[in-house]
>>> print(open('upload-v1.txt').read())   # compact mmCIF, C-alpha atoms
# COMPACT_ATOMS: atom_id res chain seq x y z
CA MET N 1 -48.93 108.73 -146.14
CA ALA N 2 -47.00 111.80 -144.96
CA VAL N 3 -44.15 113.49 -146.79
CA ILE N 4 -41.01 113.94 -144.68
CA ALA N 5 -38.14 116.24 -145.72
CA VAL N 6 -34.68 115.38 -144.45
CA ALA N 7 -31.90 117.95 -144.67
CA GLY N 8 -28.22 117.22 -144.97
CA ILE N 9 -25.09 118.89 -146.25
CA GLY N 10 -25.78 117.82 -149.82
CA GLY N 11 -29.37 119.04 -150.00
CA VAL N 12 -32.84 117.82 -149.15
CA GLY N 13 -34.25 114.33 -149.43
CA VAL N 14 -37.98 113.68 -149.56
CA GLY N 15 -39.66 110.41 -148.65
CA THR N 16 -42.87 109.00 -147.20
CA MET N 17 -43.82 107.09 -144.09
CA PRO N 18 -47.16 105.81 -142.79
CA LEU N 19 -48.98 107.54 -139.97
CA VAL N 20 -51.62 106.17 -137.63
CA SER N 21 -54.04 108.82 -138.82
CA GLU N 22 -53.45 111.21 -141.69
CA ARG N 23 -56.28 113.36 -140.30
CA SER N 24 -54.35 114.05 -137.12
CA VAL N 25 -51.51 116.18 -138.57
CA ALA N 26 -51.77 119.25 -140.78
CA PRO N 27 -48.94 120.29 -143.13
CA ALA N 28 -45.98 121.79 -141.25
CA ALA N 29 -44.72 125.32 -141.82
CA THR N 30 -41.41 125.59 -143.72
CA SER N 31 -41.11 129.33 -144.16
CA VAL N 32 -37.69 130.42 -142.89
CA ASP N 33 -34.93 130.70 -145.50
CA PRO N 34 -31.51 131.76 -144.16
CA ALA N 35 -30.72 133.49 -147.46
CA THR N 36 -33.81 135.67 -147.04
CA LEU N 37 -32.67 136.60 -143.54
CA TYR N 38 -29.15 137.31 -144.83
CA ASN N 39 -30.52 139.57 -147.58
CA SER N 40 -32.78 141.34 -145.11
CA ALA N 41 -29.79 141.99 -142.86
CA GLN N 42 -27.73 143.43 -145.70
CA GLN N 43 -30.61 145.66 -146.78
CA LYS N 44 -30.98 146.94 -143.23
CA PHE N 45 -27.25 147.60 -142.87
CA ALA N 46 -27.32 149.52 -146.17
CA ALA N 47 -30.24 151.59 -144.85
CA GLY N 48 -28.39 152.36 -141.62
CA ASP N 49 -30.55 150.09 -139.45
CA VAL N 50 -27.75 148.34 -137.59
CA ALA N 51 -29.93 146.86 -134.84
CA GLY N 52 -32.38 145.43 -137.37
CA GLY N 53 -29.58 143.99 -139.48
CA LEU N 54 -27.94 142.35 -136.50
CA ASP N 55 -31.25 140.81 -135.46
CA ALA N 56 -31.70 139.29 -138.93
CA ILE N 57 -28.12 137.96 -138.91
CA LYS N 58 -28.70 136.44 -135.48
CA GLN N 59 -31.74 134.61 -136.84
CA ALA N 60 -29.78 133.40 -139.88
CA LEU N 61 -27.01 132.08 -137.64
CA ALA N 62 -29.56 130.26 -135.49
CA ILE N 63 -30.34 128.23 -138.62
CA ILE N 64 -26.79 127.85 -139.99
CA PRO N 65 -24.31 128.59 -137.19
CA VAL N 66 -21.30 127.88 -139.43
CA ASP N 67 -22.09 130.48 -142.12
CA PRO N 68 -18.81 132.44 -142.42
CA ASP N 69 -20.24 135.49 -144.20
CA ALA N 70 -22.99 135.88 -141.61
CA LEU N 71 -20.44 135.54 -138.80
CA ALA N 72 -18.23 138.15 -140.46
CA LEU N 73 -21.16 140.55 -140.73
CA GLN N 74 -22.07 139.91 -137.10
CA ALA N 75 -18.50 140.72 -136.03
CA ILE N 76 -18.29 143.84 -138.19
CA TRP N 77 -21.66 145.35 -137.36
CA SER N 78 -21.50 144.42 -133.67
CA ASP N 79 -18.39 146.57 -133.64
CA GLN N 80 -20.45 149.42 -135.11
CA ALA N 81 -23.00 148.84 -132.33
CA ASP N 82 -20.20 148.79 -129.72
CA ASP N 83 -21.24 145.28 -128.66
CA VAL N 84 -17.83 143.94 -127.71
CA ALA N 85 -19.02 140.56 -126.43
CA THR N 86 -20.91 139.65 -129.61
CA ARG N 87 -18.09 140.92 -131.82
CA GLN N 88 -15.48 138.85 -130.01
CA ALA N 89 -17.64 135.72 -129.96
CA ALA N 90 -18.33 136.00 -133.69
CA LEU N 91 -14.64 136.52 -134.49
CA ALA N 92 -13.64 133.57 -132.31
CA ARG N 93 -16.07 131.26 -134.06
CA LEU N 94 -15.12 132.60 -137.49
CA ARG N 95 -11.42 131.97 -136.86
CA GLY N 96 -12.20 128.27 -136.51
CA ILE N 97 -14.16 128.22 -139.78
CA ASN N 98 -12.50 130.71 -142.12
CA PRO N 99 -9.35 132.32 -140.67
CA ALA N 100 -8.80 134.58 -143.69
CA LEU N 101 -12.29 136.05 -143.42
CA ALA N 102 -11.84 136.50 -139.67
CA THR N 103 -8.70 138.51 -140.40
CA ALA N 104 -10.59 140.61 -142.96
CA ALA N 105 -13.38 141.31 -140.44
CA ARG N 106 -10.86 142.34 -137.81
CA ASN N 107 -9.04 144.52 -140.35
CA ILE N 108 -12.31 146.23 -141.26
CA ASN N 109 -13.10 147.00 -137.63
CA GLU N 110 -9.64 148.36 -136.94
CA GLY N 111 -9.46 150.12 -140.30
CA VAL N 112 -12.79 151.90 -139.89
CA ALA N 113 -11.77 153.12 -136.43
CA GLU N 114 -8.45 154.41 -137.75
CA ALA N 115 -10.02 155.95 -140.86
CA ALA N 116 -12.60 157.77 -138.74
CA ARG N 117 -9.80 159.52 -136.87
CA ILE N 118 -8.06 160.82 -140.00
CA VAL N 119 -7.97 164.60 -140.21
CA PRO N 120 -7.21 165.57 -143.83
CA ASP N 121 -4.16 167.74 -144.40
CA THR N 122 -1.94 168.70 -147.31
CA THR N 123 1.49 168.18 -145.74
CA PRO N 124 3.74 165.41 -147.11
CA LYS N 125 4.86 162.94 -144.43
CA ALA N 126 8.26 161.48 -143.60
CA VAL N 127 7.62 157.74 -143.39
CA GLY N 128 10.12 155.07 -142.47
CA GLY N 129 10.09 151.47 -143.60
CA ARG N 130 8.80 150.21 -146.92
CA ALA N 131 5.57 151.98 -147.82
CA ALA N 132 4.11 152.69 -151.24
CA ILE N 133 2.52 155.95 -152.31
CA VAL N 134 -0.98 155.32 -153.69
CA VAL N 135 -2.73 158.08 -155.65
CA LEU N 136 -6.44 157.50 -156.20
CA GLY N 137 -7.97 158.46 -159.53
CA TYR N 138 -10.75 160.86 -160.46
CA GLY N 139 -12.93 160.94 -163.56
CA LEU N 140 -11.37 162.28 -166.75
CA GLY N 141 -13.04 164.61 -169.18
CA ARG N 142 -14.43 163.23 -172.43
CA ASP N 143 -11.22 164.25 -174.17
CA GLY N 144 -9.10 162.27 -171.70
CA LYS N 145 -7.83 165.36 -169.91
CA MET N 146 -7.52 165.41 -166.13
CA ALA N 147 -10.08 167.33 -164.10
CA PRO N 148 -8.69 170.06 -161.81
CA GLU N 149 -9.20 167.88 -158.72
CA LEU N 150 -7.18 165.06 -160.25
CA VAL N 151 -4.39 167.53 -161.01
CA ARG N 152 -4.48 168.51 -157.35
CA ARG N 153 -4.24 164.84 -156.32
CA VAL N 154 -1.19 164.13 -158.48
CA THR N 155 0.38 167.38 -157.28
CA ALA N 156 0.01 166.09 -153.72
CA GLY N 157 1.43 162.76 -154.87
CA LYS N 158 4.46 164.48 -156.38
CA ALA N 159 5.09 166.36 -153.13
CA GLN N 160 4.97 163.08 -151.20
CA ALA N 161 7.26 161.41 -153.76
CA GLU N 162 9.81 164.17 -153.17
CA THR N 163 9.63 163.52 -149.41
CA THR N 164 9.82 159.71 -149.50
CA THR N 165 12.23 159.53 -152.39
CA THR N 166 12.56 155.75 -152.64
CA ALA N 167 8.90 154.84 -152.18
CA PRO N 168 7.25 153.10 -155.13
CA ILE N 169 4.15 154.80 -156.49
CA VAL N 170 0.88 153.27 -157.68
CA VAL N 171 -1.54 155.44 -159.63
CA THR N 172 -4.92 153.74 -159.67
CA GLY N 173 -7.96 154.36 -161.83
CA GLY N 174 -9.46 153.00 -165.02
CA VAL N 175 -12.59 154.32 -166.80
CA PRO N 176 -10.81 155.32 -170.02
CA LYS N 177 -11.84 158.43 -171.90
CA ALA N 178 -10.55 159.02 -175.42
CA GLY N 179 -8.50 155.85 -174.96
CA ILE N 180 -6.73 157.11 -171.83
CA THR N 181 -7.19 155.66 -168.34
CA GLU N 182 -7.00 157.76 -165.19
CA ALA N 183 -3.84 155.86 -164.23
CA ALA N 184 -2.17 156.56 -167.58
CA ALA N 185 -3.03 160.26 -167.37
CA MET N 186 -1.64 160.47 -163.83
CA LYS N 187 1.59 158.71 -164.72
CA LYS N 188 2.10 160.94 -167.76
CA TRP N 189 1.64 164.05 -165.59
CA LEU N 190 4.00 162.81 -162.86
CA VAL N 191 6.74 161.89 -165.33
CA ALA N 192 6.42 165.29 -167.02
CA ALA N 193 6.75 166.85 -163.54
CA GLY N 194 10.06 165.08 -162.98
CA VAL N 195 9.12 161.87 -161.14
CA ASP N 196 11.13 158.84 -162.27
CA ALA N 197 8.87 156.68 -164.45
CA ALA N 198 10.52 153.55 -163.04
CA ARG N 199 8.94 154.29 -159.65
CA ILE N 200 5.40 154.39 -161.03
CA THR N 201 3.04 151.45 -161.55
CA GLU N 202 -0.23 151.97 -163.38
CA GLU N 203 -3.35 150.22 -162.12
CA GLY N 204 -5.75 150.97 -164.93
CA ARG N 205 -8.61 148.50 -164.41
CA SER N 206 -10.51 150.06 -161.52
CA GLY N 207 -13.84 151.79 -161.88
CA SER N 208 -14.49 152.46 -158.19
CA THR N 209 -12.76 153.01 -154.87
CA VAL N 210 -13.56 149.40 -153.98
CA ALA N 211 -11.73 148.21 -157.09
CA ASN N 212 -8.89 150.70 -156.48
CA ALA N 213 -8.22 148.98 -153.17
CA GLN N 214 -8.65 145.42 -154.44
CA ASN N 215 -6.47 145.81 -157.52
CA THR N 216 -3.77 147.94 -155.89
CA ALA N 217 -3.51 145.50 -152.98
CA GLU N 218 -2.90 142.69 -155.47
CA ILE N 219 -0.04 144.65 -157.03
CA LEU N 220 1.55 145.62 -153.73
CA ARG N 221 1.28 142.16 -152.19
CA GLY N 222 3.28 140.93 -155.16
CA GLN N 223 6.00 143.37 -154.12
CA GLY N 224 5.84 142.36 -150.46
CA ILE N 225 4.32 145.71 -149.42
CA SER N 226 1.42 146.14 -147.01
CA ASP N 227 1.87 149.77 -145.86
CA ILE N 228 0.65 152.69 -147.95
CA ILE N 229 0.71 156.47 -148.00
CA LEU N 230 -2.71 157.36 -149.37
CA ILE N 231 -3.25 160.41 -151.58
CA THR N 232 -6.73 161.68 -152.47
CA SER N 233 -9.27 164.41 -151.66
CA PRO N 234 -10.51 165.28 -148.15
CA ASN N 235 -14.00 163.94 -148.88
CA HIS N 236 -12.52 160.63 -150.03
CA ILE N 237 -9.63 159.90 -147.68
CA ARG N 238 -11.49 158.10 -144.89
CA ARG N 239 -13.49 155.95 -147.26
CA GLY N 240 -10.33 155.06 -149.17
CA ALA N 241 -8.39 154.16 -146.02
CA ALA N 242 -11.20 151.89 -144.79
CA ASP N 243 -11.39 150.13 -148.16
CA PHE N 244 -7.65 149.51 -148.21
CA ALA N 245 -7.83 148.15 -144.65
CA ALA N 246 -10.45 145.65 -145.81
CA VAL N 247 -7.89 144.12 -148.19
CA GLY N 248 -5.07 144.07 -145.65
CA MET N 249 -3.34 147.34 -146.55
CA ARG N 250 -2.35 149.59 -143.65
CA THR N 251 -2.56 153.33 -144.26
CA VAL N 252 0.46 154.70 -142.37
CA ALA N 253 0.12 158.28 -143.64
CA THR N 254 -2.21 160.41 -145.74
CA VAL N 255 -1.92 163.53 -147.85
CA THR N 256 -4.94 165.27 -149.33
CA THR N 257 -5.74 168.13 -151.62
CA ALA N 258 -6.94 171.38 -150.07
CA THR N 259 -10.45 171.08 -151.52
CA ASP N 260 -13.04 171.80 -148.79
CA LEU N 261 -10.39 170.98 -146.21
CA ALA N 262 -12.13 172.70 -143.29
CA LYS N 263 -15.38 170.83 -143.98
CA TYR N 264 -13.75 167.52 -143.06
CA ALA N 265 -11.65 168.70 -140.12
CA LYS N 266 -13.58 166.76 -137.47
CA PRO N 267 -13.18 162.99 -137.03
CA LEU N 268 -16.20 160.87 -137.92
CA THR N 269 -18.70 160.09 -135.20
CA ARG N 270 -19.66 156.46 -134.71
CA ASP N 271 -22.92 157.01 -136.57
CA GLN N 272 -21.03 158.59 -139.48
CA GLN N 273 -18.87 155.48 -139.77
CA LYS N 274 -21.73 153.35 -141.12
CA GLY N 275 -21.14 154.29 -144.74
CA ILE N 276 -17.43 153.52 -144.86
CA ARG N 277 -18.02 150.32 -142.89
CA LEU N 278 -20.62 149.17 -145.40
CA GLU N 279 -18.33 149.83 -148.36
CA ALA N 280 -15.45 148.07 -146.61
CA THR N 281 -17.56 144.89 -146.42
CA ARG N 282 -18.02 145.09 -150.19
CA THR N 283 -14.28 145.58 -150.65
CA ALA N 284 -13.67 142.42 -148.61
CA LYS N 285 -16.04 140.64 -151.04
CA ILE N 286 -18.62 139.72 -148.42
CA PRO N 287 -21.70 139.13 -150.61
CA ALA N 288 -24.26 141.92 -150.61
CA SER N 289 -27.02 139.39 -151.30
CA ARG N 290 -27.69 135.72 -151.87
CA GLN N 291 -30.01 133.73 -154.04
CA THR N 292 -32.87 132.56 -151.91
CA GLY N 293 -33.80 128.91 -151.44
CA LEU N 294 -31.83 125.83 -150.49
CA PRO N 295 -29.12 124.54 -150.73
CA SER N 296 -27.04 126.76 -148.51
CA PRO N 297 -24.22 129.05 -149.68
CA GLN N 298 -21.35 127.48 -151.55
CA ASN N 299 -18.78 129.10 -149.26
CA LEU N 300 -19.81 127.09 -146.21
CA PRO N 301 -16.76 125.24 -144.87
CA ASP N 302 -15.98 121.58 -144.69
CA THR N 303 -17.80 121.13 -141.42
CA GLY N 304 -16.09 118.01 -140.15
CA PRO N 305 -17.86 115.41 -138.03
CA GLY N 306 -18.45 117.77 -135.11
CA LEU N 307 -20.67 120.19 -137.02
CA ILE N 308 -22.65 118.02 -139.43
CA THR N 309 -25.30 117.17 -136.85
CA GLU N 310 -25.71 120.78 -135.80
CA PHE N 311 -25.90 122.07 -139.37
CA GLY N 312 -28.23 119.36 -140.65
CA GLY N 313 -30.37 119.49 -137.53
CA LYS N 314 -31.00 123.21 -137.88
CA LEU N 315 -32.00 122.83 -141.52
CA LEU N 316 -34.26 119.92 -140.68
CA GLU N 317 -35.93 121.96 -137.97
CA THR N 318 -36.47 124.78 -140.46
CA LEU N 319 -37.90 122.49 -143.12
CA LEU N 320 -40.29 120.64 -140.88
CA GLY N 321 -41.40 123.61 -138.81
CA THR N 322 -42.83 123.38 -135.34
CA GLY N 323 -46.61 123.72 -135.68
CA SER N 324 -49.39 121.16 -136.15
CA SER N 325 -53.13 121.26 -135.78
CA GLU N 326 -55.94 118.80 -135.23
CA ALA N 327 -58.34 118.19 -138.11
CA ASN N 328 -61.94 117.89 -136.99
>>> encode(input="upload-v1.txt", output="structure tokens")
Amino acid sequence: MAVIAVAGIGGVGVGTMPLVSERSVAPAATSVDPATLYNSAQQKFAAGDVAGGLDAIKQALAIIPVDPDALALQAIWSDQADDVATRQAALARLRGINPALATAARNINEGVAEAARIVPDTTPKAVGGRAAIVVLGYGLGRDGKMAPELVRRVTAGKAQAETTTTAPIVVTGGVPKAGITEAAAMKKWLVAAGVDAARITEEGRSGSTVANAQNTAEILRGQGISDIILITSPNHIRRGAADFAAVGMRTVATVTTATDLAKYAKPLTRDQQKGIRLEATRTAKIPASRQTGLPSPQNLPDTGPGLITEFGGKLLETLLGTGSSEAN
């Protein structure tokens, strides 16, 4: 008897069927796991090997063509590689599977390009429309006091608040020290400096720039706001803008501190964009890794009748392999 594995959306079924000669067929290879390929791709992207990562994603999509996270990564990193055709094809397919993720991928591509062009400067900006001022936090001392760079950030935030006098303000940063969050310390400073407390919202849960963007976006979406004026340091402004783009926030203006200003005067080259692109994918909650082994990821869509055959057929092909050998 021979064991036959049959793949479907719900998992793998195993059964037996008689063969004319059990000596005529050797066990088939079943080695390729799409999760392993996905993880390999993410590791390569993190290491800066864009070509290698895209090759692994292409192999994963050959097995599961309807994997939305893999399609999103293909669209995002093909943009890094300046492969317009692959990027557009991946986005088109993703729109039919997971429109929200397709929008996030497009926002990342556009946001990284815009962030790369930012030249840090300290001048407050006159901004029309409804935009919120967002001041990013910086680690407090053990006693809960603000570091000099954080004082410089809130000083820049105050200058912007005096220019856009009706704009709401979000101060974002958690990591409490001596019972005080970065956000609480920033709000206290701004109020003492004369900014109306009613304008200021504290976001005190974040422990990273990724979380700053995710949590602040949640607050601002609740207020119907999607445009921000971003305040931080020159070495942080491009990364911050890309992260906010990943969650659908458009950075319409920036103000930075003067710290090492000249060092960051040139826009990022394409190669230098890899780091902020990688972090933006994390901000969009595209998984950095997956547990290996079947069944496939839980975020695969309801395939509908048109895709079940394709999906199941690819898994079946993977399980059964393609090789056999004669036994002598």
>>> residues_near_point(input="upload-v1.txt", point="(3.5, 165.7, -163.8)", cutoff="12 Å", atoms="all atoms listed in the file", output="ChimeraX atom specification")
/N:146,150-159,161,184-197,200
>>> closest_residue(input="upload-v1.txt", among="N:Asn109, N:Ser206, N:Thr122, N:Gln214", to="Thr181 of chain N", atoms="all atoms listed in the file")
N:Ser206
>>> residues_around(input="upload-v1.txt", residues="Asp121 of chain N", least_positions_apart="4", cutoff="10 Å", atoms="only C-alpha atoms", output="PyMOL selection string")
chain N and resi 233-234+254-258+261-262+264-265
>>> closest_residue(input="upload-v1.txt", among="N:Ile133, N:Ile286, N:Ala92, N:Ala56", to="Thr251 of chain N", atoms="only C-alpha atoms")
N:Ile133
>>> closest_residue(input="upload-v1.txt", among="N:Thr283, N:Thr164, N:Gln59, N:Ser289", to="Ala104 of chain N", atoms="all atoms listed in the file")
N:Thr283
